[in-house]
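What follows is the content of structure_4.csv (CSV, C-alpha atoms).
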chain,number,residue,atom,x,y,z
A,1,MET,CA,-126.1,-71.0,-7.3
A,2,LEU,CA,-125.2,-73.9,-5.1
A,3,PRO,CA,-124.3,-73.5,-1.4
A,4,LEU,CA,-121.2,-75.5,-0.5
A,5,GLN,CA,-122.3,-77.5,2.5
A,6,THR,CA,-121.3,-81.0,1.6
A,7,ASP,CA,-118.2,-82.8,2.7
A,8,PRO,CA,-115.4,-83.0,1.6
A,9,ILE,CA,-116.0,-79.6,0.0
A,10,ALA,CA,-117.4,-77.9,3.0
A,11,GLY,CA,-114.3,-78.5,5.1
A,12,HIS,CA,-112.3,-76.1,2.9
A,13,PHE,CA,-114.7,-73.3,3.9
A,14,ALA,CA,-115.0,-73.8,7.6
A,15,SER,CA,-113.5,-70.3,8.2
A,16,ALA,CA,-115.7,-68.6,5.6
A,17,ARG,CA,-118.9,-66.6,6.4
A,18,GLY,CA,-120.5,-68.3,3.4
A,19,ALA,CA,-119.6,-70.3,0.3
A,20,SER,CA,-121.3,-70.9,-3.0
A,21,VAL,CA,-120.6,-72.1,-6.4
A,22,LYS,CA,-122.0,-70.7,-9.7
A,23,LEU,CA,-122.8,-73.8,-11.8
A,24,GLU,CA,-122.0,-72.5,-15.2
A,25,LEU,CA,-121.1,-76.0,-16.3
A,26,PHE,CA,-124.8,-76.5,-17.0
A,27,GLN,CA,-124.9,-73.6,-19.5
A,28,HIS,CA,-125.6,-74.3,-23.2
A,29,ALA,CA,-122.7,-76.2,-24.7
A,30,GLY,CA,-121.4,-77.0,-21.3
A,31,SER,CA,-119.6,-73.8,-20.3
A,32,PHE,CA,-119.8,-70.1,-19.8
A,33,LYS,CA,-118.6,-69.6,-23.4
A,34,ALA,CA,-122.1,-69.8,-24.7
A,35,ARG,CA,-122.9,-66.3,-23.4
A,36,GLY,CA,-120.3,-64.3,-25.3
A,37,ASN,CA,-120.4,-66.4,-28.4
A,38,LEU,CA,-124.2,-66.0,-28.9
A,39,LEU,CA,-123.7,-62.2,-28.6
A,40,GLY,CA,-120.9,-62.4,-31.2
A,41,ILE,CA,-123.0,-64.4,-33.6
A,42,GLN,CA,-126.0,-62.1,-33.2
A,43,ARG,CA,-123.8,-59.1,-34.1
A,44,LEU,CA,-122.7,-60.4,-37.5
A,45,ASN,CA,-124.0,-58.6,-40.6
A,46,GLU,CA,-125.6,-60.5,-43.5
A,47,ALA,CA,-122.3,-60.8,-45.5
A,48,GLU,CA,-120.5,-62.2,-42.4
A,49,ARG,CA,-123.3,-64.7,-41.7
A,50,THR,CA,-123.0,-65.9,-45.3
A,51,ALA,CA,-119.3,-66.4,-45.1
A,52,GLY,CA,-119.5,-68.2,-41.7
A,53,VAL,CA,-117.2,-68.1,-38.7
A,54,VAL,CA,-114.0,-69.8,-37.6
A,55,ALA,CA,-112.5,-70.3,-34.1
A,56,ALA,CA,-109.5,-71.9,-32.5
A,57,SER,CA,-110.0,-73.6,-29.2
A,58,GLY,CA,-109.0,-76.5,-26.8
A,59,GLY,CA,-112.7,-77.5,-26.9
A,60,ASN,CA,-115.1,-75.4,-24.8
A,61,HIS,CA,-115.0,-72.3,-27.0
A,62,ALA,CA,-115.3,-74.5,-30.1
A,63,LEU,CA,-118.4,-76.2,-28.7
A,64,ALA,CA,-119.9,-72.8,-27.8
A,65,VAL,CA,-119.2,-71.4,-31.3
A,66,ALA,CA,-120.8,-74.4,-32.9
A,67,TRP,CA,-123.8,-74.2,-30.7
A,68,ALA,CA,-124.3,-70.4,-31.2
A,69,ALA,CA,-123.8,-70.7,-35.0
A,70,GLN,CA,-126.3,-73.5,-35.1
A,71,GLN,CA,-128.9,-71.2,-33.5
A,72,LYS,CA,-128.6,-68.9,-36.5
A,73,ASN,CA,-127.9,-71.4,-39.3
A,74,ILE,CA,-124.4,-70.2,-39.8
A,75,ALA,CA,-121.4,-72.3,-40.9
A,76,ALA,CA,-118.8,-72.8,-38.3
A,77,THR,CA,-115.2,-74.1,-38.6
A,78,LEU,CA,-113.5,-75.2,-35.4
A,79,VAL,CA,-109.7,-75.6,-35.3
A,80,VAL,CA,-108.6,-77.7,-32.3
A,81,PRO,CA,-105.4,-79.4,-31.2
A,82,GLN,CA,-105.1,-83.1,-32.1
A,83,ALA,CA,-104.9,-83.9,-28.4
A,84,THR,CA,-108.4,-82.5,-27.8
A,85,ASP,CA,-110.8,-84.8,-25.9
A,86,PRO,CA,-112.5,-86.8,-28.6
A,87,ALA,CA,-115.8,-86.3,-26.8
A,88,ARG,CA,-115.5,-82.5,-27.5
A,89,ILE,CA,-114.6,-83.1,-31.2
A,90,ASP,CA,-117.6,-85.4,-31.6
A,91,ALA,CA,-119.9,-82.9,-29.9
A,92,CYS,CA,-118.7,-80.1,-32.2
A,93,ARG,CA,-119.5,-82.2,-35.2
A,94,ALA,CA,-122.9,-83.2,-33.8
A,95,LEU,CA,-123.7,-79.4,-33.6
A,96,GLY,CA,-122.9,-79.0,-37.3
A,97,GLY,CA,-119.4,-77.7,-37.0
A,98,ARG,CA,-116.5,-78.5,-39.4
A,99,VAL,CA,-113.6,-79.6,-37.3
A,100,VAL,CA,-110.0,-79.0,-38.4
A,101,LEU,CA,-107.1,-80.6,-36.3
A,102,ALA,CA,-103.9,-78.8,-35.6
A,103,ASP,CA,-100.6,-79.9,-33.9
A,104,ASP,CA,-101.2,-77.8,-30.8
A,105,ILE,CA,-103.0,-74.7,-29.6
A,106,ALA,CA,-100.5,-72.3,-31.1
A,107,ALA,CA,-100.8,-74.0,-34.5
A,108,ALA,CA,-104.6,-73.9,-34.1
A,109,PHE,CA,-104.6,-70.1,-33.8
A,110,ALA,CA,-102.4,-69.9,-36.9
A,111,GLU,CA,-104.7,-72.1,-38.9
A,112,MET,CA,-107.7,-70.1,-37.7
A,113,ASN,CA,-106.2,-67.0,-39.1
A,114,ARG,CA,-105.3,-68.7,-42.4
A,115,ILE,CA,-108.8,-70.0,-42.8
A,116,ALA,CA,-110.3,-66.6,-42.0
A,117,GLU,CA,-108.1,-64.9,-44.7
A,118,ALA,CA,-108.7,-67.7,-47.3
A,119,GLU,CA,-112.4,-68.1,-46.8
A,120,GLY,CA,-113.5,-64.7,-45.6
A,121,ALA,CA,-114.8,-66.3,-42.3
A,122,THR,CA,-115.2,-64.1,-39.3
A,123,VAL,CA,-112.8,-65.0,-36.4
A,124,MET,CA,-114.6,-65.8,-33.2
A,125,HIS,CA,-111.7,-65.4,-30.7
A,126,PRO,CA,-112.0,-67.4,-27.5
A,127,PHE,CA,-111.5,-64.4,-25.2
A,128,GLU,CA,-110.4,-61.2,-27.1
A,129,GLY,CA,-113.4,-59.1,-28.0
A,130,GLU,CA,-116.2,-57.0,-26.6
A,131,HIS,CA,-118.8,-59.7,-27.1
A,132,MET,CA,-116.9,-62.2,-25.0
A,133,THR,CA,-116.4,-59.5,-22.2
A,134,LEU,CA,-120.0,-58.6,-22.3
A,135,GLY,CA,-121.1,-62.2,-22.1
A,136,ALA,CA,-118.9,-62.7,-19.1
A,137,ALA,CA,-120.4,-59.5,-17.6
A,138,THR,CA,-123.9,-61.0,-17.7
A,139,LEU,CA,-122.5,-63.8,-15.6
A,140,GLY,CA,-121.0,-61.4,-13.1
A,141,ALA,CA,-124.4,-59.5,-12.9
A,142,GLU,CA,-126.2,-62.8,-12.1
A,143,ILE,CA,-123.7,-63.6,-9.3
A,144,VAL,CA,-124.2,-60.2,-7.6
A,145,GLU,CA,-127.9,-60.5,-7.9
A,146,ASP,CA,-127.8,-63.9,-6.1
A,147,LEU,CA,-125.1,-62.9,-3.6
A,148,PRO,CA,-125.5,-59.1,-3.0
A,149,ASP,CA,-123.0,-59.3,-0.1
A,150,ILE,CA,-120.3,-61.3,-1.8
A,151,ASP,CA,-116.8,-60.6,-0.5
A,152,LEU,CA,-114.6,-62.8,-2.6
A,153,MET,CA,-115.0,-64.2,-6.2
A,154,ILE,CA,-112.6,-66.9,-7.4
A,155,VAL,CA,-112.4,-67.6,-11.1
A,156,ALA,CA,-110.3,-69.9,-13.3
A,157,VAL,CA,-108.4,-68.0,-16.0
A,158,GLY,CA,-107.6,-69.1,-19.6
A,159,GLY,CA,-107.0,-66.0,-21.7
A,160,GLY,CA,-108.6,-63.4,-19.4
A,161,GLY,CA,-111.9,-62.6,-21.2
A,162,LEU,CA,-114.1,-64.3,-18.6
A,163,ILE,CA,-112.5,-62.9,-15.5
A,164,GLY,CA,-112.3,-59.4,-17.0
A,165,GLY,CA,-115.9,-59.1,-17.9
A,166,LEU,CA,-117.1,-60.9,-14.8
A,167,ALA,CA,-115.0,-58.7,-12.5
A,168,ALA,CA,-116.1,-55.5,-14.2
A,169,ALA,CA,-119.8,-56.3,-13.6
A,170,ILE,CA,-119.2,-57.4,-10.0
A,171,LYS,CA,-117.1,-54.3,-9.1
A,172,LEU,CA,-119.9,-52.0,-10.5
A,173,ALA,CA,-122.3,-53.3,-7.9
A,174,ARG,CA,-120.0,-54.5,-5.2
A,175,PRO,CA,-116.6,-52.6,-5.5
A,176,GLN,CA,-115.3,-54.0,-2.2
A,177,CYS,CA,-115.6,-57.5,-3.5
A,178,GLU,CA,-112.1,-59.0,-4.2
A,179,VAL,CA,-111.9,-60.9,-7.5
A,180,ILE,CA,-109.0,-63.4,-7.8
A,181,GLY,CA,-108.0,-65.4,-10.9
A,182,VAL,CA,-106.6,-68.9,-10.8
A,183,GLU,CA,-104.2,-70.2,-13.5
A,184,PRO,CA,-102.3,-73.5,-13.9
A,185,VAL,CA,-98.6,-73.2,-13.3
A,186,GLY,CA,-98.0,-74.5,-16.8
A,187,ALA,CA,-100.3,-71.9,-18.5
A,188,ASP,CA,-99.9,-68.7,-16.6
A,189,SER,CA,-100.0,-66.0,-19.3
A,190,LEU,CA,-102.2,-63.6,-17.4
A,191,HIS,CA,-100.2,-63.9,-14.2
A,192,ARG,CA,-97.0,-63.1,-16.1
A,193,SER,CA,-98.7,-60.3,-17.9
A,194,PHE,CA,-99.9,-58.7,-14.7
A,195,ALA,CA,-96.3,-58.9,-13.4
A,196,ALA,CA,-94.9,-57.4,-16.6
A,197,GLY,CA,-97.6,-54.7,-17.0
A,198,HIS,CA,-98.4,-55.8,-20.6
A,199,PRO,CA,-99.6,-58.9,-22.4
A,200,VAL,CA,-97.0,-61.6,-22.8
A,201,ASP,CA,-96.7,-64.8,-24.8
A,202,LEU,CA,-95.7,-68.2,-23.3
A,203,ASP,CA,-93.0,-70.3,-24.9
A,204,ARG,CA,-94.8,-73.4,-23.9
A,205,VAL,CA,-98.2,-74.5,-22.5
A,206,ASP,CA,-98.2,-77.6,-20.3
A,207,THR,CA,-101.2,-78.3,-18.1
A,208,VAL,CA,-103.9,-80.9,-17.6
A,209,ALA,CA,-106.5,-78.1,-17.7
A,210,ASP,CA,-106.5,-77.8,-21.5
A,211,SER,CA,-109.4,-75.2,-21.4
A,212,LEU,CA,-107.1,-72.9,-19.6
A,213,GLY,CA,-104.2,-73.4,-22.0
A,214,SER,CA,-104.0,-70.0,-23.8
A,215,PRO,CA,-100.5,-69.4,-25.1
A,216,ARG,CA,-100.8,-65.6,-24.8
A,217,ALA,CA,-102.6,-62.7,-23.3
A,218,MET,CA,-104.2,-60.2,-25.6
A,219,PRO,CA,-104.5,-56.4,-25.4
A,220,TYR,CA,-108.2,-55.8,-25.0
A,221,SER,CA,-109.0,-58.6,-22.5
A,222,PHE,CA,-105.7,-57.9,-20.6
A,223,GLY,CA,-106.7,-54.2,-20.2
A,224,VAL,CA,-110.2,-55.1,-18.9
A,225,ALA,CA,-108.8,-57.7,-16.5
A,226,ARG,CA,-106.0,-55.4,-15.3
A,227,ALA,CA,-108.5,-52.7,-14.5
A,228,HIS,CA,-110.8,-54.9,-12.4
A,229,VAL,CA,-109.1,-58.1,-11.2
A,230,ASP,CA,-107.3,-57.8,-7.9
A,231,ARG,CA,-104.7,-60.6,-8.5
A,232,ILE,CA,-103.9,-63.9,-10.0
A,233,VAL,CA,-102.7,-67.0,-8.2
A,234,ARG,CA,-101.3,-70.3,-9.6
A,235,VAL,CA,-102.0,-73.9,-8.8
A,236,SER,CA,-100.4,-77.2,-9.8
A,237,ASP,CA,-101.9,-79.8,-12.0
A,238,ASP,CA,-101.9,-82.2,-9.1
A,239,ALA,CA,-104.0,-79.8,-7.0
A,240,ILE,CA,-106.4,-79.4,-9.9
A,241,VAL,CA,-106.8,-83.2,-10.3
A,242,GLU,CA,-107.5,-83.6,-6.6
A,243,ALA,CA,-110.1,-80.9,-6.8
A,244,VAL,CA,-111.7,-82.8,-9.7
A,245,ARG,CA,-112.1,-85.8,-7.4
A,246,GLN,CA,-113.5,-83.6,-4.6
A,247,MET,CA,-116.1,-82.1,-6.8
A,248,ARG,CA,-117.2,-85.6,-7.8
A,249,ASP,CA,-117.2,-86.9,-4.2
A,250,GLY,CA,-118.6,-83.8,-2.6
A,251,LEU,CA,-121.0,-82.5,-5.2
A,252,ASN,CA,-121.6,-85.5,-7.5
A,253,LEU,CA,-120.3,-83.4,-10.4
A,254,MET,CA,-118.0,-84.9,-13.1
A,255,VAL,CA,-116.1,-81.9,-14.2
A,256,GLU,CA,-113.2,-81.0,-16.5
A,257,PRO,CA,-110.0,-79.9,-14.9
A,258,ALA,CA,-110.6,-76.2,-15.6
A,259,CYS,CA,-113.8,-76.3,-13.7
A,260,ALA,CA,-112.0,-77.5,-10.6
A,261,ALA,CA,-109.2,-74.9,-10.6
A,262,ALA,CA,-111.0,-72.4,-8.3
A,263,LEU,CA,-111.5,-75.1,-5.7
A,264,ALA,CA,-107.9,-76.1,-6.0
A,265,ALA,CA,-106.9,-72.5,-5.2
A,266,VAL,CA,-109.1,-72.5,-2.0
A,267,SER,CA,-107.4,-75.7,-0.8
A,268,GLY,CA,-104.0,-74.2,-1.7
A,269,PRO,CA,-102.8,-70.6,-2.0
A,270,LEU,CA,-106.1,-69.0,-0.9
A,271,GLN,CA,-106.6,-71.0,2.3
A,272,THR,CA,-106.3,-68.0,4.5
A,273,ASP,CA,-108.0,-65.5,2.2
A,274,ILE,CA,-111.5,-66.9,2.8
A,275,ALA,CA,-111.7,-66.4,6.5
A,276,GLY,CA,-114.8,-64.5,7.5
A,277,ARG,CA,-115.8,-63.8,3.9
A,278,ASN,CA,-118.8,-64.7,1.7
A,279,VAL,CA,-117.0,-66.6,-1.1
A,280,CYS,CA,-118.2,-67.7,-4.5
A,281,LEU,CA,-116.4,-70.1,-6.9
A,282,LEU,CA,-117.1,-70.3,-10.6
A,283,ALA,CA,-117.6,-73.9,-12.0
A,284,CYS,CA,-116.9,-72.9,-15.5
A,285,GLY,CA,-117.2,-76.1,-17.7
A,286,SER,CA,-118.0,-79.8,-17.8
A,287,ASN,CA,-116.9,-80.9,-21.3
A,288,ILE,CA,-114.9,-84.1,-20.7
A,289,GLY,CA,-115.3,-87.6,-22.1
A,290,ALA,CA,-115.6,-90.7,-19.9
A,291,LYS,CA,-112.2,-92.1,-21.0
A,292,ARG,CA,-110.5,-88.8,-20.4
A,293,TYR,CA,-112.1,-88.5,-17.0
A,294,ARG,CA,-111.0,-92.1,-16.0
A,295,ASP,CA,-107.5,-91.4,-17.2
A,296,LEU,CA,-107.5,-88.2,-15.1
A,297,VAL,CA,-108.8,-89.4,-11.8
A,298,GLY,CA,-106.9,-92.8,-11.9
A,299,ALA,CA,-107.9,-96.4,-12.3
A,300,GLN,CA,-108.3,-96.8,-8.6
A,301,ASP,CA,-111.3,-94.5,-8.6
A,302,GLU,CA,-113.3,-96.2,-11.3
A,303,THR,CA,-115.3,-98.5,-9.1
Can you give me the file's structure in the form of C-alpha cells?
Amino acid sequence: MLPLQTDPIAGHFASARGASVKLELFQHAGSFKARGNLLGIQRLNEAERTAGVVAASGGNHALAVAWAAQQKNIAATLVVPQATDPARIDACRALGGRVVLADDIAAAFAEMNRIAEAEGATVMHPFEGEHMTLGAATLGAEIVEDLPDIDLMIVAVGGGGLIGGLAAAIKLARPQCEVIGVEPVGADSLHRSFAAGHPVDLDRVDTVADSLGSPRAMPYSFGVARAHVDRIVRVSDDAIVEAVRQMRDGLNLMVEPACAAALAAVSGPLQTDIAGRNVCLLACGSNIGAKRYRDLVGAQDET
C-alpha cells in the first residue's frame, strides 16, 4: 500500500482524510488477475489438467492464465484481439502459452468457446466464476487489513469480477465503506447493467483502456457486484490518458490505461466524494509495451 503524498497526485486528495493506492500492478503477471486464475488452475481435476485451459482476453487475463498454467505445467491457449499490445502477446508466449489472434474481443470470446468444445479445454473466463471472485476477495481482505478505517474504495471495472469480490470482502469487515466502480465511457457494460437491473451486452466497445473492454456483463459476477458495489461512474479516454501521465510524473509508475482509471475518476466525477474520507485507489495492472506507452502519452512527453 502506497500513501499518495507526491505532487501532482496529492493535489487531487487535498480534501481527503487520507489517500492510498494498492499497487496490484506488481502482482505476478503484472495484474490482480493472477489471484483468481491461480485458484482456478488449482481447482482443475486430473482430466482437466491434461486437456489444458483456454481463455479470451485483451491481455492481462491472458498473461495471468499463462502464468498460472505454467506453475502447474498445464497447456494454455490464449485468444486475444489482433490489436492487443505486442508486448502482452510476446509475454504470453514467453510464459509457454499458445496465442491465437481474433478480429476483436467479441470474436475472441467466440473462438475461445469453439476451442473449448473442439479440444476439451477448460474455459478460464476473465471474470465470470467463483475462483475469480474469491481471488478478488483476497485483495479486498488485504486492503482492509492495511486500512481498517477505509471509507471509500475506487476500482476500475472491466467485466465486474474484480470489483464484486473485492467489495464483498471489504463490506464484510467495513460495511460503511463505499465501493465505487469506474468504467470508460466506451466500455460501460456494468454501468448499463446496474441501470437496467440485469446483465446487458454492448453493441460496440471503444476505449483506450483495452483491459476494461468487456463487451458484456455476466450473471454471476453481475449478481455479486450488484449486491456489494454502491455505484459505477464513467470517465473519458482523455481523462484516463491524463491520469496515466500523472501516475508517471507523480509516482514514477509506467501504467496501462486501465490502471489509471481510478485516478481519472478522482480528478473528474468523484472530486467532491473524497472530502473528509480515507480513500484507497486500486492500481490494477501494468502490462503495456514501450511503443504503446509512447503512442499513448504523446511524442512531446518522450524526452
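When only C-alpha atoms are used to compute distances to Leu172 in chain A, the closest of the residues A:Ala195, A:Ala141, A:Ala225, A:Leu190 turns out to be A:Ala141.
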Excluding same-chain residues fewer than 6 positions from range 283-298 of chain A, what lies within 8 Å of it counting all atoms listed in the file, as a PDB file with C-alpha atoms, in the coordinates of the input?
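The resulting part_27.pdb:
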ATOM      1  CA  VAL A  21    -120.600 -72.100  -6.400  1.00  0.00           C
ATOM      2  CA  LYS A  22    -122.000 -70.700  -9.700  1.00  0.00           C
ATOM      3  CA  LEU A  23    -122.800 -73.800 -11.800  1.00  0.00           C
ATOM      4  CA  GLU A  24    -122.000 -72.500 -15.200  1.00  0.00           C
ATOM      5  CA  LEU A  25    -121.100 -76.000 -16.300  1.00  0.00           C
ATOM      6  CA  PHE A  26    -124.800 -76.500 -17.000  1.00  0.00           C
ATOM      7  CA  GLY A  30    -121.400 -77.000 -21.300  1.00  0.00           C
ATOM      8  CA  SER A  31    -119.600 -73.800 -20.300  1.00  0.00           C
ATOM      9  CA  PHE A  32    -119.800 -70.100 -19.800  1.00  0.00           C
ATOM     10  CA  GLY A  59    -112.700 -77.500 -26.900  1.00  0.00           C
ATOM     11  CA  ASN A  60    -115.100 -75.400 -24.800  1.00  0.00           C
ATOM     12  CA  ASP A  85    -110.800 -84.800 -25.900  1.00  0.00           C
ATOM     13  CA  PRO A  86    -112.500 -86.800 -28.600  1.00  0.00           C
ATOM     14  CA  ALA A  87    -115.800 -86.300 -26.800  1.00  0.00           C
ATOM     15  CA  ARG A  88    -115.500 -82.500 -27.500  1.00  0.00           C
ATOM     16  CA  ALA A 156    -110.300 -69.900 -13.300  1.00  0.00           C
ATOM     17  CA  VAL A 241    -106.800 -83.200 -10.300  1.00  0.00           C
ATOM     18  CA  GLU A 242    -107.500 -83.600  -6.600  1.00  0.00           C
ATOM     19  CA  VAL A 244    -111.700 -82.800  -9.700  1.00  0.00           C
ATOM     20  CA  ARG A 245    -112.100 -85.800  -7.400  1.00  0.00           C
ATOM     21  CA  MET A 254    -118.000 -84.900 -13.100  1.00  0.00           C
ATOM     22  CA  VAL A 255    -116.100 -81.900 -14.200  1.00  0.00           C
ATOM     23  CA  GLU A 256    -113.200 -81.000 -16.500  1.00  0.00           C
ATOM     24  CA  ALA A 258    -110.600 -76.200 -15.600  1.00  0.00           C
ATOM     25  CA  CYS A 259    -113.800 -76.300 -13.700  1.00  0.00           C
ATOM     26  CA  ALA A 260    -112.000 -77.500 -10.600  1.00  0.00           C
ATOM     27  CA  ALA A 262    -111.000 -72.400  -8.300  1.00  0.00           C
TER      28      ALA A 262
END
Please provide as a ChimeraX atom specification all residues within 7 Å of range 90-94 of chain A, with the sequence filter that same-chain residues fewer than 4 positions apart are discarded (counting all atoms listed in the file). /A:62-63,66,86,98-99
Within 12 Å of (-114.3, -58.9, -11.8) (file coordinates; only C-alpha atoms), which protein or nucleic acid residues are there? I'd like them as an MDAnalysis selection string. chainID A and resid 133:134 136:141 143:144 150:157 160:181 221 224:232 282
I need the residues from that last selection saved to file as a PDB file, in the frame of the given file (with C-alpha atoms), if you can.
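Resulting contents of again.pdb:
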ATOM      1  CA  THR A 133    -116.400 -59.500 -22.200  1.00  0.00           C
ATOM      2  CA  LEU A 134    -120.000 -58.600 -22.300  1.00  0.00           C
ATOM      3  CA  ALA A 136    -118.900 -62.700 -19.100  1.00  0.00           C
ATOM      4  CA  ALA A 137    -120.400 -59.500 -17.600  1.00  0.00           C
ATOM      5  CA  THR A 138    -123.900 -61.000 -17.700  1.00  0.00           C
ATOM      6  CA  LEU A 139    -122.500 -63.800 -15.600  1.00  0.00           C
ATOM      7  CA  GLY A 140    -121.000 -61.400 -13.100  1.00  0.00           C
ATOM      8  CA  ALA A 141    -124.400 -59.500 -12.900  1.00  0.00           C
ATOM      9  CA  ILE A 143    -123.700 -63.600  -9.300  1.00  0.00           C
ATOM     10  CA  VAL A 144    -124.200 -60.200  -7.600  1.00  0.00           C
ATOM     11  CA  ILE A 150    -120.300 -61.300  -1.800  1.00  0.00           C
ATOM     12  CA  ASP A 151    -116.800 -60.600  -0.500  1.00  0.00           C
ATOM     13  CA  LEU A 152    -114.600 -62.800  -2.600  1.00  0.00           C
ATOM     14  CA  MET A 153    -115.000 -64.200  -6.200  1.00  0.00           C
ATOM     15  CA  ILE A 154    -112.600 -66.900  -7.400  1.00  0.00           C
ATOM     16  CA  VAL A 155    -112.400 -67.600 -11.100  1.00  0.00           C
ATOM     17  CA  ALA A 156    -110.300 -69.900 -13.300  1.00  0.00           C
ATOM     18  CA  VAL A 157    -108.400 -68.000 -16.000  1.00  0.00           C
ATOM     19  CA  GLY A 160    -108.600 -63.400 -19.400  1.00  0.00           C
ATOM     20  CA  GLY A 161    -111.900 -62.600 -21.200  1.00  0.00           C
ATOM     21  CA  LEU A 162    -114.100 -64.300 -18.600  1.00  0.00           C
ATOM     22  CA  ILE A 163    -112.500 -62.900 -15.500  1.00  0.00           C
ATOM     23  CA  GLY A 164    -112.300 -59.400 -17.000  1.00  0.00           C
ATOM     24  CA  GLY A 165    -115.900 -59.100 -17.900  1.00  0.00           C
ATOM     25  CA  LEU A 166    -117.100 -60.900 -14.800  1.00  0.00           C
ATOM     26  CA  ALA A 167    -115.000 -58.700 -12.500  1.00  0.00           C
ATOM     27  CA  ALA A 168    -116.100 -55.500 -14.200  1.00  0.00           C
ATOM     28  CA  ALA A 169    -119.800 -56.300 -13.600  1.00  0.00           C
ATOM     29  CA  ILE A 170    -119.200 -57.400 -10.000  1.00  0.00           C
ATOM     30  CA  LYS A 171    -117.100 -54.300  -9.100  1.00  0.00           C
ATOM     31  CA  LEU A 172    -119.900 -52.000 -10.500  1.00  0.00           C
ATOM     32  CA  ALA A 173    -122.300 -53.300  -7.900  1.00  0.00           C
ATOM     33  CA  ARG A 174    -120.000 -54.500  -5.200  1.00  0.00           C
ATOM     34  CA  PRO A 175    -116.600 -52.600  -5.500  1.00  0.00           C
ATOM     35  CA  GLN A 176    -115.300 -54.000  -2.200  1.00  0.00           C
ATOM     36  CA  CYS A 177    -115.600 -57.500  -3.500  1.00  0.00           C
ATOM     37  CA  GLU A 178    -112.100 -59.000  -4.200  1.00  0.00           C
ATOM     38  CA  VAL A 179    -111.900 -60.900  -7.500  1.00  0.00           C
ATOM     39  CA  ILE A 180    -109.000 -63.400  -7.800  1.00  0.00           C
ATOM     40  CA  GLY A 181    -108.000 -65.400 -10.900  1.00  0.00           C
ATOM     41  CA  SER A 221    -109.000 -58.600 -22.500  1.00  0.00           C
ATOM     42  CA  VAL A 224    -110.200 -55.100 -18.900  1.00  0.00           C
ATOM     43  CA  ALA A 225    -108.800 -57.700 -16.500  1.00  0.00           C
ATOM     44  CA  ARG A 226    -106.000 -55.400 -15.300  1.00  0.00           C
ATOM     45  CA  ALA A 227    -108.500 -52.700 -14.500  1.00  0.00           C
ATOM     46  CA  HIS A 228    -110.800 -54.900 -12.400  1.00  0.00           C
ATOM     47  CA  VAL A 229    -109.100 -58.100 -11.200  1.00  0.00           C
ATOM     48  CA  ASP A 230    -107.300 -57.800  -7.900  1.00  0.00           C
ATOM     49  CA  ARG A 231    -104.700 -60.600  -8.500  1.00  0.00           C
ATOM     50  CA  ILE A 232    -103.900 -63.900 -10.000  1.00  0.00           C
ATOM     51  CA  LEU A 282    -117.100 -70.300 -10.600  1.00  0.00           C
TER      52      LEU A 282
END
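Ranking A:Ser214, A:Ser57, A:Ser236, A:Thr122 by their shortest atom-to-atom distance to Ala265 in chain A, with only C-alpha atoms included, puts A:Ser236 first.
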Which residues are close to Pro199 in chain A, i.e. within 7 Å by only C-alpha atoms, leaving aside same-chain residues fewer than 5 positions away? Reply as a list of chain:residue names. A:Ser193, A:Ala217, A:Met218, A:Pro219, A:Phe222
Nearest to Val123 in chain A among A:Asp104, A:Ala55, A:Val233, A:Leu44, with distances taken over all atoms listed in the file: which residue is it? A:Ala55
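CA of Arg234 in chain A sits 5.5 Å away from CA of Pro184 in chain A.
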So which one's closest to Leu39 in chain A, A:Ala19, A:Leu147, A:Ala76, A:Met124? Using only C-alpha atoms, please. A:Met124
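With distances taken from (-119.0, -67.0, 5.3) and restricted to only C-alpha atoms, the residues inside 6 Å are Ala16, Arg17, Gly18, Gly276, Arg277 and Asn278 of chain A.
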